[in-house]
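Next comes final28.csv, with CSV, C-alpha atoms.
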chain,number,residue,atom,x,y,z
M,10,ASP,CA,4.1,-25.8,94.8
M,11,VAL,CA,5.6,-25.5,98.2
M,12,LYS,CA,4.4,-22.4,100.0
M,13,VAL,CA,6.4,-20.7,102.7
M,14,THR,CA,4.5,-17.8,104.2
M,15,GLN,CA,6.0,-15.1,106.4
M,16,SER,CA,3.4,-13.2,108.4
M,17,SER,CA,4.6,-9.7,107.6
M,18,ARG,CA,6.2,-8.1,104.6
M,19,TYR,CA,7.2,-4.9,106.4
M,20,LEU,CA,7.6,-4.2,110.1
M,21,VAL,CA,8.7,-1.1,112.0
M,22,LYS,CA,9.7,-1.5,115.7
M,23,ARG,CA,11.3,0.6,118.3
M,24,THR,CA,14.6,-0.2,120.0
M,25,GLY,CA,14.1,-2.5,123.0
M,26,GLU,CA,10.9,-4.0,121.8
M,27,LYS,CA,10.4,-7.8,121.7
M,28,VAL,CA,9.8,-8.8,118.0
M,29,PHE,CA,8.2,-12.0,116.7
M,30,LEU,CA,8.7,-13.0,113.1
M,31,GLU,CA,6.5,-15.9,112.0
M,32,CYS,CA,7.0,-18.4,109.3
M,33,VAL,CA,4.7,-21.2,108.2
M,34,GLN,CA,5.2,-23.9,105.5
M,35,ASP,CA,2.6,-26.2,104.1
M,36,MET,CA,4.7,-29.1,102.7
M,37,ASP,CA,5.4,-31.1,105.9
M,38,HIS,CA,9.1,-30.2,105.7
M,39,GLU,CA,11.3,-31.2,108.5
M,40,ASN,CA,14.0,-28.5,108.1
M,41,MET,CA,13.3,-24.8,108.6
M,42,PHE,CA,15.8,-21.9,108.6
M,43,TRP,CA,16.0,-18.2,109.3
M,44,TYR,CA,18.4,-16.1,107.3
M,45,ARG,CA,19.0,-12.4,107.3
M,46,GLN,CA,20.0,-10.6,104.1
M,47,ASP,CA,22.1,-7.5,104.0
M,48,PRO,CA,23.7,-5.8,101.0
M,49,GLY,CA,27.2,-7.1,100.3
M,50,LEU,CA,26.9,-9.8,103.0
M,51,GLY,CA,24.6,-12.2,101.2
M,52,LEU,CA,22.4,-14.6,103.2
M,53,ARG,CA,23.6,-15.3,106.7
M,54,LEU,CA,22.1,-18.1,108.7
M,55,ILE,CA,20.7,-17.2,112.1
M,56,TYR,CA,19.1,-20.4,113.4
M,57,PHE,CA,17.8,-23.6,111.9
M,58,SER,CA,15.6,-26.5,113.1
M,59,TYR,CA,15.5,-30.1,111.8
M,60,ASP,CA,12.6,-31.2,113.9
M,61,VAL,CA,9.9,-30.0,116.2
M,62,LYS,CA,11.3,-28.5,119.4
M,63,MET,CA,14.9,-28.8,118.0
M,64,LYS,CA,17.0,-25.8,117.2
M,65,GLU,CA,20.6,-25.2,116.2
M,66,LYS,CA,22.6,-22.0,116.1
M,67,GLY,CA,23.7,-20.7,112.7
M,68,ASP,CA,26.4,-18.3,112.0
M,69,ILE,CA,25.0,-15.2,113.7
M,70,PRO,CA,22.6,-16.2,116.5
M,71,GLU,CA,23.5,-13.4,118.9
M,72,GLY,CA,20.4,-11.4,119.9
M,73,TYR,CA,18.0,-13.9,118.5
M,74,SER,CA,16.1,-16.9,119.6
M,75,VAL,CA,13.7,-19.3,117.9
M,76,SER,CA,10.7,-21.5,118.6
M,77,ARG,CA,9.4,-24.6,116.8
M,78,GLU,CA,6.4,-25.9,118.7
M,79,LYS,CA,4.8,-27.3,115.6
M,80,LYS,CA,6.3,-28.8,112.5
M,81,GLU,CA,4.9,-26.3,110.1
M,82,ARG,CA,5.8,-23.1,112.1
M,83,PHE,CA,9.2,-21.6,112.9
M,84,SER,CA,9.3,-18.3,114.8
M,85,LEU,CA,12.2,-15.9,115.1
M,86,ILE,CA,12.3,-13.8,118.2
M,87,LEU,CA,14.3,-10.6,118.8
M,88,GLU,CA,14.3,-10.4,122.6
M,89,SER,CA,15.2,-6.7,122.6
M,90,ALA,CA,15.4,-5.2,119.2
M,91,SER,CA,18.4,-3.0,118.3
M,92,THR,CA,19.1,-0.8,115.3
M,93,ASN,CA,21.7,-3.2,113.9
M,94,GLN,CA,19.0,-5.8,113.5
M,95,THR,CA,17.4,-3.7,110.8
M,96,SER,CA,17.4,-6.1,107.9
M,97,MET,CA,15.5,-8.3,105.5
M,98,TYR,CA,14.7,-11.6,107.2
M,99,LEU,CA,14.1,-14.7,105.1
M,100,CYS,CA,12.5,-18.0,106.2
M,101,ALA,CA,13.1,-21.2,104.3
M,102,SER,CA,12.3,-24.8,104.5
M,103,SER,CA,13.5,-28.1,103.0
M,104,SER,CA,12.6,-31.8,103.2
M,105,ARG,CA,15.0,-34.2,104.9
M,106,GLY,CA,16.0,-37.2,102.9
M,107,GLY,CA,15.6,-38.0,99.2
M,108,ALA,CA,16.8,-36.1,96.2
M,109,THR,CA,15.4,-32.8,97.3
M,110,ASN,CA,16.9,-32.7,100.8
M,111,GLU,CA,19.0,-29.7,100.2
M,112,LYS,CA,16.6,-27.6,98.1
M,113,LEU,CA,15.5,-24.6,100.0
M,114,PHE,CA,12.1,-23.0,99.5
M,115,PHE,CA,12.1,-19.4,100.6
M,116,GLY,CA,9.4,-17.1,101.9
M,117,SER,CA,8.9,-13.6,100.5
M,118,GLY,CA,10.8,-12.0,103.4
M,119,THR,CA,10.1,-9.5,106.1
M,120,GLN,CA,11.8,-6.2,106.0
M,121,LEU,CA,12.3,-5.1,109.6
M,122,SER,CA,13.2,-1.6,110.5
M,123,VAL,CA,14.3,-0.9,114.1
M,124,LEU,CA,14.1,2.8,115.0
P,21,GLY,CA,29.9,-21.2,109.2
P,22,GLU,CA,31.7,-22.6,106.3
P,23,ASN,CA,33.3,-19.8,104.1
P,24,VAL,CA,32.1,-19.4,100.6
P,25,GLU,CA,33.7,-16.6,98.6
P,26,GLN,CA,31.9,-15.2,95.6
P,27,HIS,CA,33.3,-13.0,92.8
P,28,PRO,CA,32.6,-10.5,91.3
P,29,SER,CA,30.2,-8.6,93.5
P,30,THR,CA,28.7,-6.8,90.5
P,31,LEU,CA,28.7,-7.7,86.8
P,32,SER,CA,27.5,-5.7,83.8
P,33,VAL,CA,27.2,-7.4,80.5
P,34,GLN,CA,25.8,-6.5,77.1
P,35,GLU,CA,22.7,-8.4,76.1
P,36,GLY,CA,23.8,-11.5,74.2
P,37,ASP,CA,27.2,-11.8,75.9
P,38,SER,CA,28.1,-14.4,78.5
P,39,ALA,CA,28.3,-13.9,82.2
P,40,VAL,CA,30.5,-16.0,84.6
P,41,ILE,CA,30.4,-16.0,88.4
P,42,LYS,CA,33.0,-17.8,90.5
P,43,CYS,CA,32.8,-19.2,94.0
P,44,THR,CA,35.4,-20.9,96.2
P,45,TYR,CA,34.7,-22.9,99.3
P,46,SER,CA,36.7,-24.2,102.2
P,47,ASP,CA,35.0,-27.4,103.4
P,48,SER,CA,36.4,-30.3,101.3
P,49,ALA,CA,33.6,-32.5,102.6
P,50,SER,CA,30.9,-30.5,100.9
P,51,ASN,CA,29.2,-32.4,98.1
P,52,TYR,CA,26.3,-30.2,97.0
P,53,PHE,CA,26.6,-26.8,95.4
P,54,PRO,CA,23.5,-24.9,94.3
P,55,TRP,CA,22.9,-21.5,92.7
P,56,TYR,CA,20.0,-19.3,93.6
P,57,LYS,CA,18.6,-16.3,91.7
P,58,GLN,CA,16.9,-13.4,93.3
P,59,GLU,CA,15.0,-10.9,91.2
P,60,LEU,CA,14.4,-7.5,92.5
P,61,GLY,CA,11.8,-7.6,95.3
P,62,LYS,CA,11.4,-11.4,95.1
P,63,ARG,CA,12.5,-14.5,97.0
P,64,PRO,CA,15.6,-16.4,96.1
P,65,GLN,CA,14.9,-19.4,93.9
P,66,LEU,CA,17.1,-22.4,92.9
P,67,ILE,CA,18.1,-22.3,89.3
P,68,ILE,CA,20.7,-25.0,89.0
P,69,ASP,CA,22.8,-27.3,91.3
P,70,ILE,CA,25.7,-29.7,91.0
P,71,ARG,CA,26.9,-32.6,93.1
P,72,SER,CA,30.5,-33.5,93.7
P,73,ASN,CA,30.4,-36.6,91.5
P,74,VAL,CA,29.8,-34.4,88.5
P,75,GLY,CA,32.1,-31.9,86.8
P,76,GLU,CA,29.6,-30.0,84.8
P,77,LYS,CA,25.8,-29.6,84.4
P,78,LYS,CA,23.8,-27.6,81.9
P,79,ASP,CA,20.2,-26.4,81.7
P,80,GLN,CA,19.5,-24.5,78.5
P,81,ARG,CA,21.5,-21.2,78.8
P,82,ILE,CA,22.9,-21.8,82.2
P,83,ALA,CA,25.7,-24.2,83.3
P,84,VAL,CA,27.7,-24.9,86.4
P,85,THR,CA,31.2,-26.3,86.6
P,86,LEU,CA,32.8,-27.8,89.7
P,87,ASN,CA,36.5,-28.3,90.4
P,88,LYS,CA,36.7,-30.3,93.6
P,89,THR,CA,40.5,-30.3,93.7
P,90,ALA,CA,40.7,-26.6,93.6
P,91,LYS,CA,37.5,-26.2,95.6
P,92,HIS,CA,35.8,-23.8,93.3
P,93,PHE,CA,32.6,-23.8,91.2
P,94,SER,CA,31.3,-21.4,88.6
P,95,LEU,CA,28.0,-20.3,87.0
P,96,HIS,CA,27.9,-19.6,83.3
P,97,ILE,CA,25.1,-17.8,81.6
P,98,THR,CA,25.2,-17.7,77.8
P,99,GLU,CA,23.3,-15.4,75.4
P,100,THR,CA,22.3,-13.2,78.3
P,101,GLN,CA,18.8,-11.6,78.2
P,102,PRO,CA,17.3,-8.7,80.2
P,103,GLU,CA,15.4,-11.2,82.4
P,104,ASP,CA,18.8,-12.5,83.6
P,105,SER,CA,19.3,-9.3,85.5
P,106,ALA,CA,19.2,-10.3,89.2
P,107,VAL,CA,21.3,-11.1,92.2
P,108,TYR,CA,22.9,-14.6,92.1
P,109,PHE,CA,24.0,-16.5,95.1
P,110,CYS,CA,26.2,-19.6,95.2
P,111,ALA,CA,26.1,-21.9,98.2
P,112,GLN,CA,27.4,-25.1,99.7
P,113,TRP,CA,25.5,-27.7,101.7
P,114,ASP,CA,27.0,-28.5,105.0
P,115,ASP,CA,25.1,-31.2,106.9
P,116,TYR,CA,21.6,-29.7,107.4
P,117,LYS,CA,22.3,-26.2,106.2
P,118,LEU,CA,23.3,-24.1,103.2
P,119,SER,CA,26.1,-21.5,103.5
P,120,PHE,CA,25.8,-18.7,100.9
P,121,GLY,CA,28.2,-16.5,99.2
P,122,ALA,CA,27.8,-12.7,99.3
P,123,GLY,CA,26.0,-12.5,96.0
P,124,THR,CA,26.6,-11.1,92.5
P,125,THR,CA,24.4,-8.4,91.1
P,126,VAL,CA,24.2,-9.0,87.3
P,127,THR,CA,22.9,-6.3,85.0
P,128,VAL,CA,22.2,-7.0,81.4
P,129,ARG,CA,22.5,-3.9,79.2
P,130,ALA,CA,20.1,-3.7,76.2
Show me the file's structure as structure tokens.
Amino acid sequence: DVKVTQSSRYLVKRTGEKVFLECVQDMDHENMFWYRQDPGLGLRLIYFSYDVKMKEKGDIPEGYSVSREKKERFSLILESASTNQTSMYLCASSSRGGATNEKLFFGSGTQLSVL
Amino acid sequence: GENVEQHPSTLSVQEGDSAVIKCTYSDSASNYFPWYKQELGKRPQLIIDIRSNVGEKKDQRIAVTLNKTAKHFSLHITETQPEDSAVYFCAQWDDYKLSFGAGTTVTVRA
């Protein structure tokens, strides 16, 4: 089974702190994604990456950045955390090409609270 | 991103009855439409998907229908059971990414 691991299940940070959310996948997937999940808003795409050192903005990139130095690791960075970034963050990965190109495998999520 | 509208936002059904969730999309070039199920406290998981060259697909008690002309697709769950209680998300694939609907919370009453 594909394993997508997010480093923290729960995080509590203070306004203005720099926050790193880490995600690692073990299936050599090319594509990796960061979504945030809020009640009534579904899953909204923040950033995605289809190769090492490549990144593309999603629908709500403001206030976030990402890093993909290695194929298996995709990090989400909140440069200066704000209370409106309190949310559940979900990492996902998928393989490029073939019949399973579009199938996303999700991590367990990180519930971030910014106080 | 591409807009995917999902209805209803909540759905309560009696055990054994059917549940139907509908989604509409705006990008006529989309050709892949999956459905994800998220149980309470767990990660979303793919339960069924459909491609644009097919009008309907079934997998046991769940089915998905696609109307490309009208740009909408639906999830049908028959003979609902308590374990079907979850949040369901529709999505459309757009190049390298999935755009999701807002989700439907399904509650199956015993």
Check every residue of chain M for an atom within 6 Å of chain P, counting all atoms listed in the file, and provide those that qualify as a short mmCIF file (atom, residue, chain, number, x, y, z; two decimals) with C-alpha atoms, in the coordinates of the input.
data_model
loop_
_atom_site.label_atom_id
_atom_site.label_comp_id
_atom_site.auth_asym_id
_atom_site.auth_seq_id
_atom_site.Cartn_x
_atom_site.Cartn_y
_atom_site.Cartn_z
CA GLY M 49 27.20 -7.10 100.30
CA LEU M 50 26.90 -9.80 103.00
CA GLY M 51 24.60 -12.20 101.20
CA LEU M 52 22.40 -14.60 103.20
CA ASP M 68 26.40 -18.30 112.00
CA SER M 117 8.90 -13.60 100.50
#
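Note that atom CA of Leu31 of chain P and atom CA of Ala90 of chain P are 23.4 Å apart.
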Shortest interatomic distance to Arg81 of chain P - which of P:Asn51, P:Ile97, P:Ile67, P:Pro28, counting all atoms listed in the file: P:Ile97
Expected answer as a ChimeraX atom specification: all residues with atoms within 10 Å of (11.4, -29.9, 115.1), all atoms listed in the file: /M:38-41,57-64,76-83
Identify, on the basis of all atoms listed in the file, every residue whose closest approach to Ser102 of chain M does not exceed 9 Å; exclude the query and any residue fewer than 4 positions from it along the same chain; express the result as a JSON list (two decimals) with C-alpha atoms, keeping the file's coordinate frame.
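Result went into out.json, see below:
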[["chain", "number", "residue", "atom", "x", "y", "z"],
["M", 13, "VAL", "CA", 6.40, -20.70, 102.70],
["M", 34, "GLN", "CA", 5.20, -23.90, 105.50],
["M", 36, "MET", "CA", 4.70, -29.10, 102.70],
["M", 38, "HIS", "CA", 9.10, -30.20, 105.70],
["M", 39, "GLU", "CA", 11.30, -31.20, 108.50],
["M", 40, "ASN", "CA", 14.00, -28.50, 108.10],
["M", 41, "MET", "CA", 13.30, -24.80, 108.60],
["M", 42, "PHE", "CA", 15.80, -21.90, 108.60],
["M", 43, "TRP", "CA", 16.00, -18.20, 109.30],
["M", 112, "LYS", "CA", 16.60, -27.60, 98.10],
["M", 113, "LEU", "CA", 15.50, -24.60, 100.00],
["M", 114, "PHE", "CA", 12.10, -23.00, 99.50],
["M", 115, "PHE", "CA", 12.10, -19.40, 100.60],
["M", 116, "GLY", "CA", 9.40, -17.10, 101.90]]
